There are 2 protein chains.
Amino acid sequence: MRENKSQYAVLGLLGMGPMSGYDIKKKFEKIASNFWNASYGQIYPILKRLAGKGLATKSIEKQDGKPDRHIYALTEKGREVLRRWLVEPVARQIGRHEILLKLFFGKQVSLADNIRQVEHFRDLSIVELGNIKVTEEYLKTEKKGNPNLDYQLMTVSYGKHVNSAILNWCNETLSQLRKMADEKGT
Amino acid sequence: MRENKSQYAVLGLLGMGPMSGYDIKKKFEKIASNFWNASYGQIYPILKRLAGKGLATKSIEKQDGKPDRHIYALTEKGREVLRRWLVEPVARQIGRHEILLKLFFGKQVSLADNIRQVEHFRDLSIVELGNIKVTEEYLKTEKKGNPNLDYQLMTVSYGKHVNSAILNWCNETLSQLRKMADEKGT
DNA sequence: TAGAGCATGTAATAGGTTACATGATTAG
DNA sequence: CTAATCATGTAACCTATTACATGCTCTA
């Protein structure tokens with residue numbers, strides 16, 4: 001087991017309690033969509049592998065009218081592996097920001113095109129900030145008393161800080177682009 | 001040609017002037033490392049494909065003592081394709097933030113472990129901010145008068161906004177974690 | 001004389017998305 | 001009656017990293 005992040009993401013969720021692949025997907029969407037996601041095409045093979053390595057155990061829960069649920073639970077060995085990863089310092093990551101890539105080449109198109117692009121990106125950030133606040137409310141009300149709450153709210157806080165900064169950048173950049181358009185028009 | 005970002009990244013750089021695969025790599029490292037990167041294993045096959053599709057032309061520049069340079073230049077068709085992509089609105093992207101993934105599962109390890117982790121991440125952000133300022137200086141002095149300068153500085157500004165926000169979040173999170181450690185110690 | 005820089009490329013592998021396949025129940 | 005939700009999984013495909021292969025020159 002080397003550097004597979006998603007494997008640890010799944011391991012981490014199992015660390016909070018036994019659950020199915022379906023649950024894992026839902027959990028990511030509900031409370032971690034801000035900084036992580038995973039598709040079924042990844043989750044199910046990972047669960048299989050974790051069980052194969054003895055890091056999780058599988059049991060089947062029958063339901064009537066609905067498909068069986070395949071519940072995975074972390075083993076002690078699994079928790080060990082998770083802990084070892086959690087304390088390992090993170091490496092520098094270069095996020096790929098498509099908006100910056102486009103703006104970087106902005107000279108190839110018109111100022112109006114660039115303005116449209118940044119305005120649209122600003123709209124996305126506003127929606128994102130809204131989503132984050134919904135997650136925050138959900139955690140604070142529905143998950144009160146949960147021992148993971150403090151940590152989960154820290155990830156929410158990150159989203160608020162970063163998206164506010166992005167919003168400020170959008171506004172600054174937009175006024176600069178508009179100024180450039182004015183000057184050119186004169 | 002569908003949704004391949006790196007292909008457009010290469011196309012975009014060629015839009016600034018003819019250059020080699022080697023140049024492309026260097027350029028990304030020098031002025032776009034803040035938001036994009038690409039390995040030779042990607043760049044060379046992409047250049048080949050672009051030439052195959054008639055979006056770029058290839059010519060060989062001999063040098064003495066050094067290997068030949070394979071220079072690619074954008075064709076009109078290539079510029080068309082680039083422009084079409086540039087004006088297309090960006091989609092929502094979910095960045096994967098390993099630090100948040102680890103912190104999210106913070107309950108599985110000690111407060112001291114989490115503090116160490118965030119401190120280390122803060123150090124990375126400080127280095128990052130430094131790199132961004134170096135890029136800014138480089139652009140402002142060495143690239144004065146370059147028609148792409150304004151746009152390139154906007155991407156630098158993004159980095160400054162976001163990394164400052166991250167730094168603030170680190171400090172807030174660290175004081176919260178330390179408070180939690182104090183309370184537990186009492 | 002060892003290592004870094006110049007310069008191009010391929011092959012193996014890992015990581016990830018999307019489409020496909022199945023099938024019942026429930027809400028609008 | 002149609003779409004969504006529940007639920008699991010595989011296969012094909014695309015994207016990206018790393019290792020490998022080559023070989024000259026310049027600097028410490």
# chains A, B, ... in the order shown; residues from 1 in each chain; ligands from 1
>>> closest_atom_pairs(of="chain A", to="chain D", cutoff="12 Å", atoms="only C-alpha atoms (C1' of nucleotides)", output="JSON lines")
{"residue": "A:Glu3", "atom": "CA", "partner": "D:DT17", "partner_atom": "C1'", "distance": 11.9}
{"residue": "A:Ser20", "atom": "CA", "partner": "D:DA7", "partner_atom": "C1'", "distance": 9.4}
{"residue": "A:Gly21", "atom": "CA", "partner": "D:DT8", "partner_atom": "C1'", "distance": 8.5}
{"residue": "A:Tyr22", "atom": "CA", "partner": "D:DA7", "partner_atom": "C1'", "distance": 6.9}
{"residue": "A:Asp23", "atom": "CA", "partner": "D:DA7", "partner_atom": "C1'", "distance": 10.0}
{"residue": "A:Lys25", "atom": "CA", "partner": "D:DA7", "partner_atom": "C1'", "distance": 11.6}
{"residue": "A:Lys26", "atom": "CA", "partner": "D:DC6", "partner_atom": "C1'", "distance": 11.8}
{"residue": "A:Tyr40", "atom": "CA", "partner": "D:DG9", "partner_atom": "C1'", "distance": 8.7}
{"residue": "A:Gly41", "atom": "CA", "partner": "D:DG9", "partner_atom": "C1'", "distance": 8.4}
{"residue": "A:Gln42", "atom": "CA", "partner": "D:DG9", "partner_atom": "C1'", "distance": 10.8}
{"residue": "A:Ile43", "atom": "CA", "partner": "D:DG9", "partner_atom": "C1'", "distance": 10.3}
{"residue": "A:Tyr44", "atom": "CA", "partner": "D:DG9", "partner_atom": "C1'", "distance": 7.2}
{"residue": "A:Pro45", "atom": "CA", "partner": "D:DG9", "partner_atom": "C1'", "distance": 8.6}
{"residue": "A:Ile46", "atom": "CA", "partner": "D:DG9", "partner_atom": "C1'", "distance": 11.9}
{"residue": "A:Leu47", "atom": "CA", "partner": "D:DG9", "partner_atom": "C1'", "distance": 11.5}
{"residue": "A:Lys48", "atom": "CA", "partner": "D:DG9", "partner_atom": "C1'", "distance": 10.6}
{"residue": "A:Ile60", "atom": "CA", "partner": "D:DT8", "partner_atom": "C1'", "distance": 11.8}
{"residue": "A:Glu61", "atom": "CA", "partner": "D:DA7", "partner_atom": "C1'", "distance": 11.6}
{"residue": "A:Lys62", "atom": "CA", "partner": "D:DA7", "partner_atom": "C1'", "distance": 11.4}
{"residue": "A:Gln63", "atom": "CA", "partner": "D:DC6", "partner_atom": "C1'", "distance": 10.5}
{"residue": "A:Asp64", "atom": "CA", "partner": "D:DC6", "partner_atom": "C1'", "distance": 11.2}
{"residue": "A:Gly65", "atom": "CA", "partner": "D:DC6", "partner_atom": "C1'", "distance": 9.3}
{"residue": "A:Lys66", "atom": "CA", "partner": "D:DC6", "partner_atom": "C1'", "distance": 6.2}
{"residue": "A:Pro67", "atom": "CA", "partner": "D:DA7", "partner_atom": "C1'", "distance": 5.3}
{"residue": "A:Asp68", "atom": "CA", "partner": "D:DA7", "partner_atom": "C1'", "distance": 6.9}
{"residue": "A:Arg69", "atom": "CA", "partner": "D:DA7", "partner_atom": "C1'", "distance": 6.8}
{"residue": "A:His70", "atom": "CA", "partner": "D:DT8", "partner_atom": "C1'", "distance": 8.3}
{"residue": "A:Ile71", "atom": "CA", "partner": "D:DA7", "partner_atom": "C1'", "distance": 11.6}
>>> closest_atom_pairs(of="chain A", to="chain B", cutoff="7 Å", atoms="only C-alpha atoms", output="tab-separated table")
residue	atom	partner	partner_atom	distance
A:Ala9	CA	B:Leu101	CA	6.9
A:Gly12	CA	B:Phe105	CA	6.1
A:Asn34	CA	B:Ile94	CA	6.6
A:Phe35	CA	B:Arg96	CA	5.1
A:Trp36	CA	B:Arg96	CA	5.1
A:Arg83	CA	B:Val109	CA	6.5
A:Leu86	CA	B:Lys102	CA	5.6
A:Val87	CA	B:Asp113	CA	6.0
A:Pro89	CA	B:Gln117	CA	5.8
A:Val90	CA	B:Ile99	CA	6.4
A:Arg92	CA	B:Leu124	CA	6.6
A:Ile94	CA	B:Phe35	CA	6.1
A:Gly95	CA	B:Phe35	CA	5.8
A:Arg96	CA	B:Phe35	CA	5.1
A:His97	CA	B:Phe35	CA	5.6
A:Glu98	CA	B:Val90	CA	6.9
A:Ile99	CA	B:Val90	CA	6.4
A:Leu100	CA	B:Thr155	CA	5.7
A:Leu101	CA	B:Ala9	CA	6.9
A:Lys102	CA	B:Leu86	CA	5.6
A:Leu103	CA	B:Tyr151	CA	6.1
A:Phe104	CA	B:Gln152	CA	5.2
A:Phe105	CA	B:Gly12	CA	6.1
A:Gly106	CA	B:Tyr151	CA	6.1
A:Lys107	CA	B:Asn148	CA	5.9
A:Gln108	CA	B:Arg83	CA	6.7
A:Val109	CA	B:Arg83	CA	6.5
A:Asp113	CA	B:Val87	CA	6.0
A:Gln117	CA	B:Pro89	CA	5.9
A:His120	CA	B:Pro89	CA	6.8
A:Phe121	CA	B:Val90	CA	7.0
A:Leu124	CA	B:Arg92	CA	6.6
A:Asn148	CA	B:Lys107	CA	5.9
A:Tyr151	CA	B:Phe104	CA	5.3
A:Gln152	CA	B:Phe104	CA	5.2
A:Met154	CA	B:Thr173	CA	6.8
A:Thr155	CA	B:Leu100	CA	5.7
A:Tyr158	CA	B:Trp169	CA	6.1
A:His161	CA	B:Ala165	CA	5.6
A:Val162	CA	B:Ala165	CA	5.7
A:Ala165	CA	B:His161	CA	5.6
A:Ile166	CA	B:Val162	CA	6.5
A:Trp169	CA	B:Tyr158	CA	6.1
A:Thr173	CA	B:Met154	CA	6.8
>>> write_last_selection(atoms="N, CA and C atoms", output="tab-separated table (two decimals), in the first residue's frame")
chain	number	residue	atom	x	y	z
A	9	ALA	N	-9.26	7.55	2.33
A	9	ALA	CA	-10.52	8.25	2.53
A	9	ALA	C	-11.59	7.25	2.94
A	12	GLY	N	-10.82	5.90	6.37
A	12	GLY	CA	-11.17	6.90	7.38
A	12	GLY	C	-12.64	6.90	7.71
A	34	ASN	N	-17.01	19.39	-0.23
A	34	ASN	CA	-16.20	20.58	-0.26
A	34	ASN	C	-14.73	20.31	-0.61
A	35	PHE	N	-14.25	19.13	-0.25
A	35	PHE	CA	-12.82	18.85	-0.47
A	35	PHE	C	-12.52	17.42	-0.92
A	36	TRP	N	-13.56	16.61	-1.10
A	36	TRP	CA	-13.30	15.25	-1.58
A	36	TRP	C	-14.53	14.68	-2.28
A	83	ARG	N	-4.20	5.14	11.11
A	83	ARG	CA	-3.49	6.05	12.03
A	83	ARG	C	-2.11	6.40	11.50
A	86	LEU	N	-2.55	9.00	8.94
A	86	LEU	CA	-3.03	10.28	9.47
A	86	LEU	C	-1.90	11.13	10.07
A	87	VAL	N	-0.91	10.49	10.64
A	87	VAL	CA	0.17	11.27	11.28
A	87	VAL	C	1.31	11.61	10.32
A	89	PRO	N	3.11	13.54	7.57
A	89	PRO	CA	2.91	14.91	7.07
A	89	PRO	C	2.49	14.94	5.61
A	90	VAL	N	1.62	15.86	5.28
A	90	VAL	CA	1.15	15.98	3.89
A	90	VAL	C	2.24	16.59	3.02
A	92	ARG	N	3.36	18.86	-0.53
A	92	ARG	CA	2.87	19.99	-1.30
A	92	ARG	C	2.03	19.46	-2.45
A	94	ILE	N	-0.13	20.65	-5.98
A	94	ILE	CA	-0.45	21.73	-6.91
A	94	ILE	C	-1.83	21.47	-7.47
A	95	GLY	N	-2.79	22.21	-6.96
A	95	GLY	CA	-4.15	22.08	-7.47
A	95	GLY	C	-4.18	22.60	-8.89
A	96	ARG	N	-5.01	22.00	-9.73
A	96	ARG	CA	-5.13	22.49	-11.09
A	96	ARG	C	-6.38	23.33	-11.21
A	97	HIS	N	-6.19	24.62	-11.43
A	97	HIS	CA	-7.33	25.53	-11.47
A	97	HIS	C	-7.59	25.96	-12.90
A	98	GLU	N	-8.64	25.39	-13.46
A	98	GLU	CA	-8.96	25.64	-14.85
A	98	GLU	C	-9.21	27.12	-15.13
A	99	ILE	N	-9.85	27.79	-14.20
A	99	ILE	CA	-10.14	29.21	-14.41
A	99	ILE	C	-8.84	30.01	-14.58
A	100	LEU	N	-7.81	29.63	-13.80
A	100	LEU	CA	-6.54	30.35	-13.91
A	100	LEU	C	-5.84	30.03	-15.22
A	101	LEU	N	-5.97	28.79	-15.64
A	101	LEU	CA	-5.38	28.39	-16.91
A	101	LEU	C	-5.99	29.22	-18.04
A	102	LYS	N	-7.31	29.38	-18.00
A	102	LYS	CA	-7.97	30.16	-19.05
A	102	LYS	C	-7.59	31.63	-18.98
A	103	LEU	N	-7.58	32.16	-17.77
A	103	LEU	CA	-7.26	33.57	-17.61
A	103	LEU	C	-5.81	33.85	-18.01
A	104	PHE	N	-4.96	32.91	-17.73
A	104	PHE	CA	-3.54	33.02	-18.07
A	104	PHE	C	-3.36	33.28	-19.56
A	105	PHE	N	-4.23	32.67	-20.35
A	105	PHE	CA	-4.18	32.83	-21.80
A	105	PHE	C	-5.17	33.89	-22.29
A	106	GLY	N	-5.62	34.73	-21.35
A	106	GLY	CA	-6.69	35.69	-21.62
A	106	GLY	C	-6.46	36.59	-22.82
A	107	LYS	N	-5.21	36.88	-23.11
A	107	LYS	CA	-4.88	37.79	-24.22
A	107	LYS	C	-5.39	37.28	-25.56
A	108	GLN	N	-5.60	35.96	-25.65
A	108	GLN	CA	-6.03	35.34	-26.91
A	108	GLN	C	-7.49	35.64	-27.25
A	109	VAL	N	-8.25	36.10	-26.24
A	109	VAL	CA	-9.66	36.43	-26.49
A	109	VAL	C	-9.95	37.86	-26.03
A	113	ASP	N	-14.88	38.61	-23.10
A	113	ASP	CA	-14.86	37.16	-22.88
A	113	ASP	C	-14.27	36.83	-21.51
A	117	GLN	N	-16.10	35.13	-18.24
A	117	GLN	CA	-15.52	33.94	-17.62
A	117	GLN	C	-15.37	34.12	-16.10
A	120	HIS	N	-18.74	34.26	-14.30
A	120	HIS	CA	-19.30	32.92	-14.15
A	120	HIS	C	-18.62	32.16	-13.02
A	121	PHE	N	-17.33	32.30	-12.94
A	121	PHE	CA	-16.57	31.64	-11.87
A	121	PHE	C	-16.98	32.20	-10.50
A	124	LEU	N	-20.12	30.57	-9.45
A	124	LEU	CA	-19.85	29.22	-8.92
A	124	LEU	C	-19.37	29.29	-7.47
A	148	ASN	N	-16.69	13.67	16.24
A	148	ASN	CA	-15.95	14.15	15.08
A	148	ASN	C	-16.31	15.58	14.70
A	151	TYR	N	-13.69	18.49	14.31
A	151	TYR	CA	-12.79	18.33	13.17
A	151	TYR	C	-13.52	18.60	11.85
A	152	GLN	N	-14.74	18.14	11.80
A	152	GLN	CA	-15.51	18.35	10.57
A	152	GLN	C	-15.78	19.83	10.34
A	154	MET	N	-13.85	22.18	11.22
A	154	MET	CA	-12.60	22.81	10.77
A	154	MET	C	-12.46	22.73	9.26
A	155	THR	N	-12.92	21.63	8.68
A	155	THR	CA	-12.84	21.53	7.22
A	155	THR	C	-13.86	22.47	6.57
A	158	TYR	N	-12.34	25.92	6.59
A	158	TYR	CA	-11.38	26.05	5.49
A	158	TYR	C	-12.12	26.50	4.23
A	161	HIS	N	-13.11	30.18	4.48
A	161	HIS	CA	-11.97	31.07	4.30
A	161	HIS	C	-11.56	31.16	2.82
A	162	VAL	N	-11.37	29.99	2.23
A	162	VAL	CA	-10.85	29.96	0.87
A	162	VAL	C	-11.85	30.53	-0.13
A	165	ALA	N	-12.03	34.25	0.04
A	165	ALA	CA	-10.86	34.84	-0.62
A	165	ALA	C	-11.02	34.82	-2.13
A	166	ILE	N	-11.56	33.72	-2.63
A	166	ILE	CA	-11.77	33.60	-4.08
A	166	ILE	C	-12.77	34.66	-4.56
A	169	TRP	N	-11.10	37.92	-4.72
A	169	TRP	CA	-10.24	37.96	-5.92
A	169	TRP	C	-11.07	38.20	-7.17
A	173	THR	N	-10.50	41.28	-9.57
A	173	THR	CA	-10.12	40.99	-10.95
A	173	THR	C	-11.12	41.57	-11.93
>>> interface_residues(of="chain C", to="chain B", cutoff="9 Å", atoms="only C-alpha atoms (C1' of nucleotides)", output="NGL selection string")
:C and (6-10)
>>> select_by_dssp(residues="range 61-183 of chain A", states="strand (DSSP E or B)", output="VMD selection string")
chain A and resid 61 69 to 74
>>> write_last_selection(atoms="N, CA, C and O atoms", output="short mmCIF file (atom, residue, chain, number, x, y, z; two decimals), in the first residue's frame")
data_model
loop_
_atom_site.label_atom_id
_atom_site.label_comp_id
_atom_site.auth_asym_id
_atom_site.auth_seq_id
_atom_site.Cartn_x
_atom_site.Cartn_y
_atom_site.Cartn_z
N GLU A 61 -26.23 -7.44 5.16
CA GLU A 61 -27.43 -7.09 5.91
C GLU A 61 -28.61 -7.20 4.95
O GLU A 61 -28.69 -6.44 3.98
N ARG A 69 -27.50 -4.91 1.83
CA ARG A 69 -26.41 -3.96 2.09
C ARG A 69 -25.16 -4.74 2.49
O ARG A 69 -25.22 -5.62 3.34
N HIS A 70 -24.04 -4.40 1.83
CA HIS A 70 -22.77 -5.06 2.18
C HIS A 70 -22.02 -4.13 3.13
O HIS A 70 -21.44 -3.13 2.70
N ILE A 71 -22.05 -4.49 4.39
CA ILE A 71 -21.48 -3.61 5.41
C ILE A 71 -20.02 -3.97 5.68
O ILE A 71 -19.70 -5.13 5.95
N TYR A 72 -19.17 -2.97 5.63
CA TYR A 72 -17.75 -3.17 5.92
C TYR A 72 -17.41 -2.53 7.26
O TYR A 72 -17.91 -1.44 7.58
N ALA A 73 -16.59 -3.23 8.03
CA ALA A 73 -16.16 -2.69 9.33
C ALA A 73 -14.64 -2.73 9.40
O ALA A 73 -14.01 -3.68 8.93
N LEU A 74 -14.06 -1.71 10.00
CA LEU A 74 -12.61 -1.62 10.12
C LEU A 74 -12.10 -2.66 11.11
O LEU A 74 -12.68 -2.86 12.17
#
>>> decode(residues="chain D", atoms="N, CA and C atoms (P, O5', C5', C4', C3', O3' and C1' of nucleotides)", output="CSV table (one decimal), in the first residue's frame")
chain,number,residue,atom,x,y,z
D,1,DC,P,-49.5,3.7,-17.8
D,1,DC,O5',-48.2,4.3,-18.4
D,1,DC,C5',-48.3,5.7,-18.7
D,1,DC,C4',-47.1,6.4,-18.0
D,1,DC,C3',-45.8,5.7,-18.0
D,1,DC,O3',-44.8,6.6,-18.1
D,1,DC,C1',-46.3,6.2,-15.8
D,2,DT,P,-44.0,6.8,-19.4
D,2,DT,O5',-43.0,7.9,-18.9
D,2,DT,C5',-43.5,9.0,-18.2
D,2,DT,C4',-42.6,9.3,-17.0
D,2,DT,C3',-41.1,8.8,-17.1
D,2,DT,O3',-40.3,10.0,-17.0
D,2,DT,C1',-42.0,8.2,-15.0
D,3,DA,P,-38.8,10.1,-17.4
D,3,DA,O5',-38.2,10.5,-16.0
D,3,DA,C5',-38.9,11.4,-15.2
D,3,DA,C4',-38.5,11.3,-13.7
D,3,DA,C3',-37.0,11.0,-13.6
D,3,DA,O3',-36.5,11.9,-12.7
D,3,DA,C1',-38.2,9.4,-12.3
D,4,DA,P,-35.0,12.1,-12.3
D,4,DA,O5',-34.9,11.6,-10.8
D,4,DA,C5',-35.9,12.1,-9.9
D,4,DA,C4',-35.9,11.3,-8.6
D,4,DA,C3',-34.5,11.0,-8.1
D,4,DA,O3',-34.5,11.3,-6.7
D,4,DA,C1',-35.7,9.0,-8.3
D,5,DT,P,-33.1,11.3,-5.9
D,5,DT,O5',-33.2,10.0,-5.1
D,5,DT,C5',-34.4,9.7,-4.3
D,5,DT,C4',-34.3,8.3,-3.7
D,5,DT,C3',-32.8,7.9,-3.3
D,5,DT,O3',-32.9,7.5,-1.9
D,5,DT,C1',-33.8,6.2,-4.6
D,6,DC,P,-31.7,7.0,-1.2
D,6,DC,O5',-31.8,5.4,-1.4
D,6,DC,C5',-32.8,4.6,-0.7
D,6,DC,C4',-32.6,3.2,-1.1
D,6,DC,C3',-31.2,2.6,-0.8
D,6,DC,O3',-31.3,1.6,0.2
D,6,DC,C1',-32.0,2.1,-3.0
D,7,DA,P,-30.1,1.2,1.0
D,7,DA,O5',-29.1,0.6,-0.1
D,7,DA,C5',-29.2,-0.7,-0.5
D,7,DA,C4',-28.3,-1.1,-1.7
D,7,DA,C3',-26.8,-0.6,-1.7
D,7,DA,O3',-26.0,-1.5,-0.9
D,7,DA,C1',-27.9,-0.9,-3.9
D,8,DT,P,-24.4,-1.4,-1.1
D,8,DT,O5',-24.1,-2.2,-2.4
D,8,DT,C5',-24.5,-3.6,-2.4
D,8,DT,C4',-24.1,-4.2,-3.7
D,8,DT,C3',-22.6,-4.1,-4.0
D,8,DT,O3',-22.0,-5.4,-4.0
D,8,DT,C1',-23.9,-3.6,-5.9
D,9,DG,P,-20.4,-5.6,-3.8
D,9,DG,O5',-19.9,-5.3,-5.2
D,9,DG,C5',-20.0,-6.3,-6.1
D,9,DG,C4',-20.1,-5.8,-7.5
D,9,DG,C3',-18.8,-5.5,-8.2
D,9,DG,O3',-18.1,-6.7,-8.5
D,9,DG,C1',-20.7,-4.3,-9.1
D,10,DT,P,-16.7,-6.5,-9.2
D,10,DT,O5',-17.0,-6.3,-10.8
D,10,DT,C5',-17.9,-7.2,-11.5
D,10,DT,C4',-17.9,-6.8,-12.9
D,10,DT,C3',-16.5,-6.7,-13.6
D,10,DT,O3',-16.6,-7.3,-14.8
D,10,DT,C1',-17.6,-4.6,-13.8
D,11,DA,P,-15.3,-7.6,-15.7
D,11,DA,O5',-15.4,-6.4,-16.8
D,11,DA,C5',-16.7,-6.2,-17.5
D,11,DA,C4',-16.5,-5.1,-18.6
D,11,DA,C3',-15.1,-5.1,-19.2
D,11,DA,O3',-15.3,-4.9,-20.6
D,11,DA,C1',-15.5,-3.0,-18.1
D,12,DA,P,-14.0,-4.8,-21.6
D,12,DA,O5',-14.0,-3.3,-22.0
D,12,DA,C5',-15.3,-2.6,-22.3
D,12,DA,C4',-15.0,-1.2,-22.4
D,12,DA,C3',-13.8,-0.8,-23.2
D,12,DA,O3',-14.1,0.2,-24.1
D,12,DA,C1',-13.8,0.3,-21.1
D,13,DC,P,-13.0,0.7,-25.2
D,13,DC,O5',-12.5,2.1,-24.5
D,13,DC,C5',-13.5,3.0,-24.1
D,13,DC,C4',-12.9,4.0,-23.1
D,13,DC,C3',-11.6,4.7,-23.7
D,13,DC,O3',-12.0,6.0,-24.0
D,13,DC,C1',-11.5,4.2,-21.4
D,14,DC,P,-10.9,6.9,-24.9
D,14,DC,O5',-10.4,7.9,-23.8
D,14,DC,C5',-11.3,8.6,-23.0
D,14,DC,C4',-10.6,9.1,-21.7
D,14,DC,C3',-9.3,9.9,-22.1
D,14,DC,O3',-9.4,11.2,-21.5
D,14,DC,C1',-8.9,8.4,-20.3
D,15,DT,P,-8.4,12.4,-21.7
D,15,DT,O5',-7.6,12.4,-20.3
D,15,DT,C5',-8.3,12.3,-19.1
D,15,DT,C4',-7.2,12.3,-18.0
D,15,DT,C3',-6.0,13.1,-18.3
D,15,DT,O3',-5.8,13.9,-17.1
D,15,DT,C1',-5.4,10.9,-17.6
D,16,DA,P,-4.7,15.0,-17.0
D,16,DA,O5',-3.5,14.2,-16.2
D,16,DA,C5',-3.8,13.6,-15.0
D,16,DA,C4',-2.6,12.9,-14.5
D,16,DA,C3',-1.3,13.6,-14.7
D,16,DA,O3',-0.7,13.8,-13.4
D,16,DA,C1',-1.2,11.3,-15.3
D,17,DT,P,0.8,14.4,-13.3
D,17,DT,O5',1.6,13.1,-12.8
D,17,DT,C5',1.0,12.3,-11.8
D,17,DT,C4',2.0,11.1,-11.5
D,17,DT,C3',3.4,11.4,-11.3
D,17,DT,O3',3.9,10.8,-10.2
D,17,DT,C1',3.2,9.8,-13.0
D,18,DT,P,5.4,11.1,-9.6
D,18,DT,O5',6.2,9.8,-10.1
D,18,DT,C5',5.7,8.5,-10.0
D,18,DT,C4',6.6,7.5,-10.7
D,18,DT,C3',8.1,7.9,-10.7
D,18,DT,O3',8.8,6.8,-10.0
D,18,DT,C1',7.4,7.4,-12.9
D,19,DA,P,10.4,6.7,-10.0
D,19,DA,O5',10.7,5.7,-11.3
D,19,DA,C5',9.8,4.6,-11.5
D,19,DA,C4',10.4,3.8,-12.7
D,19,DA,C3',11.9,3.8,-12.8
D,19,DA,O3',12.2,2.5,-13.2
D,19,DA,C1',11.0,4.8,-14.7
D,20,DC,P,13.8,2.1,-13.5
D,20,DC,O5',13.9,2.3,-15.1
D,20,DC,C5',13.2,1.4,-16.0
D,20,DC,C4',13.4,1.8,-17.4
D,20,DC,C3',14.8,1.9,-17.9
D,20,DC,O3',14.9,1.0,-19.0
D,20,DC,C1',13.7,3.8,-18.5
D,21,DA,P,16.3,0.4,-19.5
D,21,DA,O5',16.6,1.5,-20.6
D,21,DA,C5',15.8,1.5,-21.8
D,21,DA,C4',16.3,2.6,-22.7
D,21,DA,C3',17.8,2.8,-22.6
D,21,DA,O3',18.4,2.5,-23.9
D,21,DA,C1',16.6,4.9,-22.6
D,22,DT,P,20.1,2.5,-24.1
D,22,DT,O5',20.3,4.0,-24.6
D,22,DT,C5',19.5,4.5,-25.6
D,22,DT,C4',20.0,6.0,-25.9
D,22,DT,C3',21.4,6.2,-25.7
D,22,DT,O3',22.1,6.4,-27.0
D,22,DT,C1',20.1,8.0,-24.8
D,23,DG,P,23.7,6.3,-27.1
D,23,DG,O5',24.2,7.8,-26.8
D,23,DG,C5',23.8,8.9,-27.6
D,23,DG,C4',24.2,10.2,-27.0
D,23,DG,C3',25.6,10.1,-26.3
D,23,DG,O3',26.3,11.2,-26.7
D,23,DG,C1',24.0,11.2,-25.0
D,24,DC,P,27.9,11.2,-26.9
D,24,DC,O5',28.2,12.8,-27.1
D,24,DC,C5',27.4,13.6,-27.9
D,24,DC,C4',27.2,14.9,-27.2
D,24,DC,C3',28.4,15.5,-26.6
D,24,DC,O3',28.7,16.8,-27.2
D,24,DC,C1',26.6,15.6,-25.1
D,25,DT,P,30.0,17.6,-26.8
D,25,DT,O5',29.6,18.6,-25.6
D,25,DT,C5',28.6,19.6,-25.9
D,25,DT,C4',28.4,20.4,-24.6
D,25,DT,C3',29.7,21.0,-24.0
D,25,DT,O3',29.4,22.3,-23.7
D,25,DT,C1',28.5,19.8,-22.4
D,26,DC,P,30.5,23.5,-23.6
D,26,DC,O5',30.2,24.2,-22.2
D,26,DC,C5',28.8,24.3,-21.8
D,26,DC,C4',28.8,24.1,-20.3
D,26,DC,C3',29.9,24.8,-19.5
D,26,DC,O3',29.4,25.6,-18.5
D,26,DC,C1',29.5,22.6,-18.7
D,27,DT,P,30.2,26.9,-17.9
D,27,DT,O5',30.2,26.5,-16.3
D,27,DT,C5',28.9,26.2,-15.7
D,27,DT,C4',29.1,25.3,-14.5
D,27,DT,C3',30.2,25.8,-13.5
D,27,DT,O3',29.6,25.9,-12.2
D,27,DT,C1',30.5,23.5,-13.9
D,28,DA,P,30.2,26.8,-11.1
D,28,DA,O5',30.4,25.8,-9.9
D,28,DA,C5',29.4,24.9,-9.5
D,28,DA,C4',30.0,23.7,-8.7
D,28,DA,C3',31.0,24.1,-7.7
D,28,DA,O3',30.8,23.5,-6.4
D,28,DA,C1',31.9,22.5,-9.1
